[in-house]
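Inspection log for the structure reproduced underneath, given as structure tokens.
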Amino acid sequence: MIIIETQRLNFFYGNFHALKDITISISEKSITALIGPSGCGKSTFLKALNRMTDLIEGTKISGHILINRENVLDGKTDLVSLRKKVGMVFQRPNPFPLSVRENILFGPKIHQIVKPNEYESLIENSLRAVLLWNDLKDRLDANALKLSLEQQQRLCIARLLPVKPDVLLMDEPCSTLDPISTERIEELMRVLKENYTIIIVTHNMQQAARVSDDTGFMLLGELIEFGKTPNIFTNPRHQKTNDYVTGRFG
Amino acid sequence: MKHFKEFLIEKVIWFCGVTSIVIVVLIFIFLLKEGLSLFKHVNLVDFLFGRKWYPISDPPHFGIFPLVLGSLTVTLGATVIAVPLGIASAIYIAEIASPRIKEILKSGIEMIAAIPSVVIGFIGMTTLVPFIKHYLNLPTGLTAFSGALMLAFMAMPTIVSIAEDAITAVPHKYKEAALALGATRWQAIWRVVLRAASSGIVAAIMLGIGRVIGETMAVMMVTGNAAHIPESLFEPVRTMTATIAAEMGETVQHSEHYFALFAIGIVLFIITFIINLIADLSIHRHRE
Ligand SMILES: Nc1ncnc2c1ncn2[C@@H]1O[C@H](COP(=O)(O)OP(=O)(O)O)[C@@H](O)[C@H]1O
Ligand SMILES: [Mg+2]
């Protein structure tokens, strides 16, 4: 089942053409990696999917983004429900400077989706899903900024879960983590894939090769090649993809 | 040569720092010495809780309770008015206003801060006081309420500019995270940005109150200066600061009255010190 589809998606920062005719189909409950050199538009593409690009002044977007077959570029799109459906994990862990508990309850409270008597079980389930429960069950009232970076990033994933997203967008989620934490977050992604569709931007080609089902290679705002991860890495159709994955540029 | 220059600059800065500390300590010692002399003649409880302030009758009464209440009434009134308005303005300037409006408002606020308090008092006396007398149908417009309004006006710039700094200093990534979770702009501000800025906002409030409680000129001109215990906001009151300012010129040096005014100074000092301490602790917590 296709969950996200873009058709001829174009994006401009002022006059700068940052995404050029991106057409892609992403299947449900899979991990898609986006790779490509810095500045090629990977983050822009992710932010367009949940319309976080709306926050930037002077931008223009055209084409179609269909999520569950609904065009989210439609003027009628409700941003609140779009962002509930499409959660986002940022490059630098950005938990709120509040307690662990408050971080997880933020989504449910603003969307009023659970009753207060279900808060405790919700916190436990969310933390269990990101394998943090055993570490944090006695520190629910600690300030989230006191956690290790890896724990913070896990918490940022955990706080998305109570609002029941279908899609998790992750923009270089491991770039500030050490190799061991990175490996553990990758394991977590494999677990989360059971229930969520994940799109991950990464600089790290080994990471893309290790975790993803599909890989897209971007260059200067274009999607050069998109396909099954093993094919992209061992048998790319385009010369440029080949040059990039073999480390000849980028 | 370079070493010598470094050495010299270091010493000059050290000297400036130490001088200011020494001056503060000397002022404090002087205040204590003069103020505490009162308690050779009057006991502390009578001083703090005495209901009569008749410094020149015979025998004199030095009860500052009405003055303390006067200060508290005016300060509390000013706080209740200035805090919500000030924080709302700070939110508007930091989060909502366009860059151009933001610049205009910020310079406007700085200008309010620059108005001398005697001018504010004068404006209050000629415009606010008659207005209040007329519209609230009071025997006099010189009331605690008038003082509270004028002081709220004076506390606003402090509260707005410090709270605005605190709100602006909250990293953008928190707001971004909230919006990405589907929060509306207002939910992001209210539930994340303001909470992240809360210690800075507390400091802003405390420094605003500190400014109000030490203010003299403007209150003296609009509150009527009656040293009695007020029953409502709409009666004249007299504050501690106004008492010192009004009576210091008329006392005989080293008389009981003179010492009593210094003792009021100590009380004020302690109150302001506590308020500043709370502000400091709060800023400190913010930095951590
Ligand atoms: N807010 C912005 N305003 C203007 N240009 C931007 C902005 N954000 C990104 N860009 C430009 O768009 C291009 C793509 O950026 P980005 O999507 O962040 O790339 P990537 O994530 O692949 O490194 C870059 O050339 C970058 O300079
Ligand atoms: Mg990026």
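Simple scheme: letters A, B, ... for chains in structure tokens order, numbers from 1 for residues in each chain, numbers from 1 for ligands in the order shown.
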Chain A contacts on chain B, only C-alpha atoms, 12 Å, as an MDAnalysis selection string: chainID B and resid 170:188 190:198 286 288
Using C-alpha atoms, can you export the residues from the last selection as a tab-separated table (two decimals), in the first residue's frame?
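This went into selection_29.tsv:
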```
chain	number	residue	atom	x	y	z
B	170	VAL	CA	13.89	30.64	24.26
B	171	PRO	CA	15.45	28.61	21.45
B	172	HIS	CA	13.31	28.44	18.34
B	173	LYS	CA	13.61	24.65	18.26
B	174	TYR	CA	11.13	24.24	21.13
B	175	LYS	CA	8.45	26.14	19.32
B	176	GLU	CA	9.23	24.26	16.13
B	177	ALA	CA	8.88	20.96	17.95
B	178	ALA	CA	5.52	22.00	19.36
B	179	LEU	CA	4.21	23.10	15.98
B	180	ALA	CA	5.44	19.87	14.40
B	181	LEU	CA	3.32	18.04	16.97
B	182	GLY	CA	0.27	19.84	15.69
B	183	ALA	CA	0.15	22.60	18.29
B	184	THR	CA	-1.39	25.88	17.25
B	185	ARG	CA	0.78	28.95	17.51
B	186	TRP	CA	-0.90	29.97	20.73
B	187	GLN	CA	-0.53	26.49	22.28
B	188	ALA	CA	3.16	26.54	21.38
B	190	TRP	CA	1.54	29.19	26.10
B	191	ARG	CA	2.60	25.64	26.84
B	192	VAL	CA	6.21	25.68	25.75
B	193	VAL	CA	7.72	29.10	25.17
B	194	LEU	CA	6.31	30.78	28.28
B	195	ARG	CA	7.15	27.83	30.47
B	196	ALA	CA	10.68	27.75	29.14
B	197	ALA	CA	10.94	31.47	29.87
B	198	SER	CA	9.23	31.30	33.25
B	286	HIS	CA	17.25	30.23	34.25
B	288	GLU	CA	21.37	26.53	34.65
```
Give as a short mmCIF file (atom, residue, chain, number, x, y, z; two decimals) with N, CA, C and O atoms, in the first residue's frame the residues surrounding ligand 1 up to a distance of 9 Å, considering only C-alpha atoms and all ligand atoms.
```cif
data_model
loop_
_atom_site.label_atom_id
_atom_site.label_comp_id
_atom_site.auth_asym_id
_atom_site.auth_seq_id
_atom_site.Cartn_x
_atom_site.Cartn_y
_atom_site.Cartn_z
N PHE A 12 10.32 26.43 -3.78
CA PHE A 12 11.21 27.58 -3.94
C PHE A 12 11.41 28.31 -2.62
O PHE A 12 10.45 28.57 -1.90
N TYR A 13 12.68 28.64 -2.31
CA TYR A 13 12.96 29.63 -1.27
C TYR A 13 13.20 30.93 -2.02
O TYR A 13 14.27 31.11 -2.60
N GLY A 14 12.25 31.82 -2.04
CA GLY A 14 12.39 33.02 -2.87
C GLY A 14 12.55 32.58 -4.32
O GLY A 14 11.66 31.91 -4.87
N PHE A 16 15.15 30.71 -5.25
CA PHE A 16 15.98 29.52 -5.28
C PHE A 16 15.13 28.26 -5.40
O PHE A 16 14.27 27.98 -4.56
N HIS A 17 15.38 27.51 -6.46
CA HIS A 17 14.59 26.32 -6.75
C HIS A 17 15.16 25.13 -5.95
O HIS A 17 16.13 24.52 -6.37
N ALA A 18 14.57 24.83 -4.81
CA ALA A 18 15.17 23.85 -3.91
C ALA A 18 14.72 22.41 -4.17
O ALA A 18 15.46 21.47 -3.91
N LEU A 19 13.49 22.23 -4.66
CA LEU A 19 13.04 20.88 -5.03
C LEU A 19 12.51 20.94 -6.44
O LEU A 19 11.70 21.80 -6.79
N LEU A 34 16.67 8.83 2.56
CA LEU A 34 17.01 9.83 1.55
C LEU A 34 18.48 10.18 1.74
O LEU A 34 18.89 10.57 2.84
N ILE A 35 19.25 10.00 0.67
CA ILE A 35 20.67 10.34 0.77
C ILE A 35 21.01 11.37 -0.31
O ILE A 35 20.22 11.62 -1.22
N GLY A 36 22.17 11.96 -0.15
CA GLY A 36 22.60 12.97 -1.11
C GLY A 36 23.46 13.99 -0.41
O GLY A 36 23.39 14.12 0.82
N PRO A 37 24.26 14.72 -1.17
CA PRO A 37 25.18 15.66 -0.54
C PRO A 37 24.43 16.79 0.17
O PRO A 37 23.26 17.03 -0.10
N SER A 38 25.12 17.44 1.06
CA SER A 38 24.55 18.52 1.84
C SER A 38 23.99 19.60 0.92
O SER A 38 24.60 19.95 -0.08
N GLY A 39 22.80 20.09 1.25
CA GLY A 39 22.22 21.18 0.46
C GLY A 39 21.43 20.71 -0.75
O GLY A 39 20.97 21.53 -1.54
N CYS A 40 21.22 19.39 -0.89
CA CYS A 40 20.52 18.92 -2.08
C CYS A 40 19.01 18.96 -1.91
O CYS A 40 18.27 18.69 -2.85
N GLY A 41 18.53 19.29 -0.70
CA GLY A 41 17.08 19.44 -0.54
C GLY A 41 16.40 18.36 0.27
O GLY A 41 15.17 18.31 0.34
N LYS A 42 17.17 17.53 0.95
CA LYS A 42 16.56 16.42 1.71
C LYS A 42 15.68 16.96 2.83
O LYS A 42 14.52 16.53 2.99
N SER A 43 16.22 17.89 3.61
CA SER A 43 15.43 18.42 4.72
C SER A 43 14.22 19.18 4.20
O SER A 43 13.13 19.10 4.79
N THR A 44 14.42 19.91 3.13
CA THR A 44 13.30 20.66 2.56
C THR A 44 12.18 19.71 2.17
O THR A 44 11.01 19.97 2.44
N PHE A 45 12.55 18.59 1.56
CA PHE A 45 11.54 17.62 1.16
C PHE A 45 10.77 17.11 2.38
O PHE A 45 9.53 17.08 2.39
N LEU A 46 11.49 16.73 3.44
CA LEU A 46 10.81 16.24 4.64
C LEU A 46 9.86 17.29 5.19
O LEU A 46 8.72 17.00 5.53
N LYS A 47 10.36 18.53 5.30
CA LYS A 47 9.53 19.58 5.90
C LYS A 47 8.32 19.92 5.05
O LYS A 47 7.32 20.40 5.57
N THR A 53 7.34 23.70 6.18
CA THR A 53 7.86 24.75 5.30
C THR A 53 6.98 26.00 5.33
O THR A 53 7.44 27.07 4.99
N ILE A 56 8.37 29.17 6.97
CA ILE A 56 9.44 29.99 6.41
C ILE A 56 8.82 31.01 5.46
O ILE A 56 8.02 30.66 4.60
N GLU A 57 9.23 32.26 5.64
CA GLU A 57 8.67 33.33 4.81
C GLU A 57 9.18 33.22 3.37
O GLU A 57 10.30 32.79 3.13
N GLY A 58 8.35 33.64 2.44
CA GLY A 58 8.79 33.80 1.06
C GLY A 58 9.03 32.51 0.31
O GLY A 58 9.87 32.47 -0.59
N THR A 59 8.32 31.45 0.67
CA THR A 59 8.51 30.19 -0.05
C THR A 59 7.30 29.92 -0.95
O THR A 59 6.23 30.49 -0.75
N ASP A 171 14.96 13.57 10.43
CA ASP A 171 15.98 14.33 9.70
C ASP A 171 17.34 14.14 10.37
O ASP A 171 17.61 14.75 11.39
N GLU A 172 18.15 13.30 9.84
CA GLU A 172 19.46 12.97 10.40
C GLU A 172 19.39 12.79 11.92
O GLU A 172 20.06 13.47 12.67
N VAL A 201 16.28 10.90 6.68
CA VAL A 201 17.34 11.57 5.94
C VAL A 201 18.64 11.21 6.62
O VAL A 201 18.73 11.25 7.84
N THR A 202 19.63 10.82 5.86
CA THR A 202 20.89 10.51 6.51
C THR A 202 22.07 10.87 5.63
O THR A 202 22.01 10.84 4.41
N HIS A 203 23.13 11.24 6.30
CA HIS A 203 24.38 11.56 5.65
C HIS A 203 25.22 10.30 5.53
O HIS A 203 26.19 10.25 4.80
N MET A 218 19.28 12.05 -3.87
CA MET A 218 18.96 13.40 -4.36
C MET A 218 20.23 14.16 -4.69
O MET A 218 21.28 13.97 -4.07
N LEU A 219 20.11 15.06 -5.66
CA LEU A 219 21.25 15.89 -6.04
C LEU A 219 20.70 17.21 -6.56
O LEU A 219 19.86 17.22 -7.46
N LEU A 220 21.16 18.31 -5.98
CA LEU A 220 20.75 19.65 -6.43
C LEU A 220 19.24 19.78 -6.64
O LEU A 220 18.79 20.32 -7.64
N GLY A 221 18.49 19.27 -5.67
CA GLY A 221 17.04 19.47 -5.72
C GLY A 221 16.29 18.45 -6.54
O GLY A 221 15.06 18.46 -6.58
#
```
Closest-contact table, stretch 44-162 of chain B side, partner stretch 203-218 of chain B, 9 Å, counting only C-alpha atoms, as a Markdown table:
```
| residue | atom | partner | partner_atom | distance |
| --- | --- | --- | --- | --- |
| B:Ser71 | CA | B:Ile213 | CA | 6.7 |
| B:Leu72 | CA | B:Ile213 | CA | 7.9 |
| B:Val74 | CA | B:Ile213 | CA | 8.3 |
| B:Thr75 | CA | B:Ile213 | CA | 5.9 |
| B:Leu76 | CA | B:Ile209 | CA | 8.5 |
| B:Ala78 | CA | B:Val212 | CA | 7.6 |
| B:Thr79 | CA | B:Ile209 | CA | 6.6 |
| B:Ala82 | CA | B:Gly208 | CA | 8.5 |
| B:Val83 | CA | B:Ile205 | CA | 6.6 |
| B:Gly86 | CA | B:Ile205 | CA | 8.8 |
| B:Ile87 | CA | B:Ile205 | CA | 8.8 |
| B:Ser117 | CA | B:Ala218 | CA | 5.6 |
| B:Val118 | CA | B:Met217 | CA | 5.5 |
| B:Val119 | CA | B:Ala218 | CA | 7.8 |
| B:Ile120 | CA | B:Ala218 | CA | 6.1 |
| B:Gly121 | CA | B:Ala218 | CA | 3.8 |
| B:Phe122 | CA | B:Ala218 | CA | 7.3 |
| B:Gly124 | CA | B:Ala218 | CA | 7.9 |
| B:Met125 | CA | B:Ala218 | CA | 8.8 |
| B:Gly147 | CA | B:Ala218 | CA | 7.5 |
| B:Ala148 | CA | B:Val212 | CA | 8.9 |
| B:Met150 | CA | B:Ala218 | CA | 7.2 |
| B:Leu151 | CA | B:Val212 | CA | 5.9 |
| B:Ala152 | CA | B:Val212 | CA | 7.6 |
| B:Met154 | CA | B:Val212 | CA | 7.3 |
| B:Ala155 | CA | B:Gly208 | CA | 4.9 |
| B:Met156 | CA | B:Gly208 | CA | 7.1 |
| B:Pro157 | CA | B:Gly208 | CA | 8.2 |
| B:Thr158 | CA | B:Gly208 | CA | 5.5 |
| B:Ile159 | CA | B:Ala204 | CA | 4.8 |
| B:Val160 | CA | B:Ala204 | CA | 7.5 |
| B:Ser161 | CA | B:Ala204 | CA | 8.0 |
| B:Ile162 | CA | B:Ala204 | CA | 5.2 |
```
Residue with smallest distance to ligand 2 - pool A:Asn204, A:Thr241, A:Asn71, A:Gln91, counting only C-alpha atoms and all ligand atoms: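 Of A:Asn204, A:Thr241, A:Asn71, A:Gln91, the one nearest ligand 2 is A:Gln91, counting only C-alpha atoms and all ligand atoms.
Secondary structure of stretch 10-254 of chain B, strand (DSSP E or B) only (DSSP, backbone atoms): Trp53, Tyr54, His61, Phe62, Gly224 and Val237 of chain B.
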For the selection just defined, write its residues with C-alpha atoms to a file, as a compact mmCIF listing (two decimals), in the first residue's frame.
```txt
# COMPACT_ATOMS: atom_id res chain seq x y z
CA TRP B 53 2.60 57.94 62.87
CA TYR B 54 2.66 61.30 64.70
CA HIS B 61 4.30 58.18 67.95
CA PHE B 62 6.48 56.28 65.53
CA GLY B 224 -2.61 62.15 49.13
CA VAL B 237 -2.47 56.55 51.66
```
Per DSSP on the backbone, what are the alpha helix (DSSP H) residues of stretch 42-231 of chain A, as a VMD selection string? chain A and resid 42 to 49 79 to 85 100 to 111 119 to 129 133 to 136 149 to 158 179 to 192 205 to 211 229 to 231
Go ahead and compute the interatomic distance for atom CA of B:Leu44 and atom CA of B:Ala242, in Å to one decimal. 21.2 Å
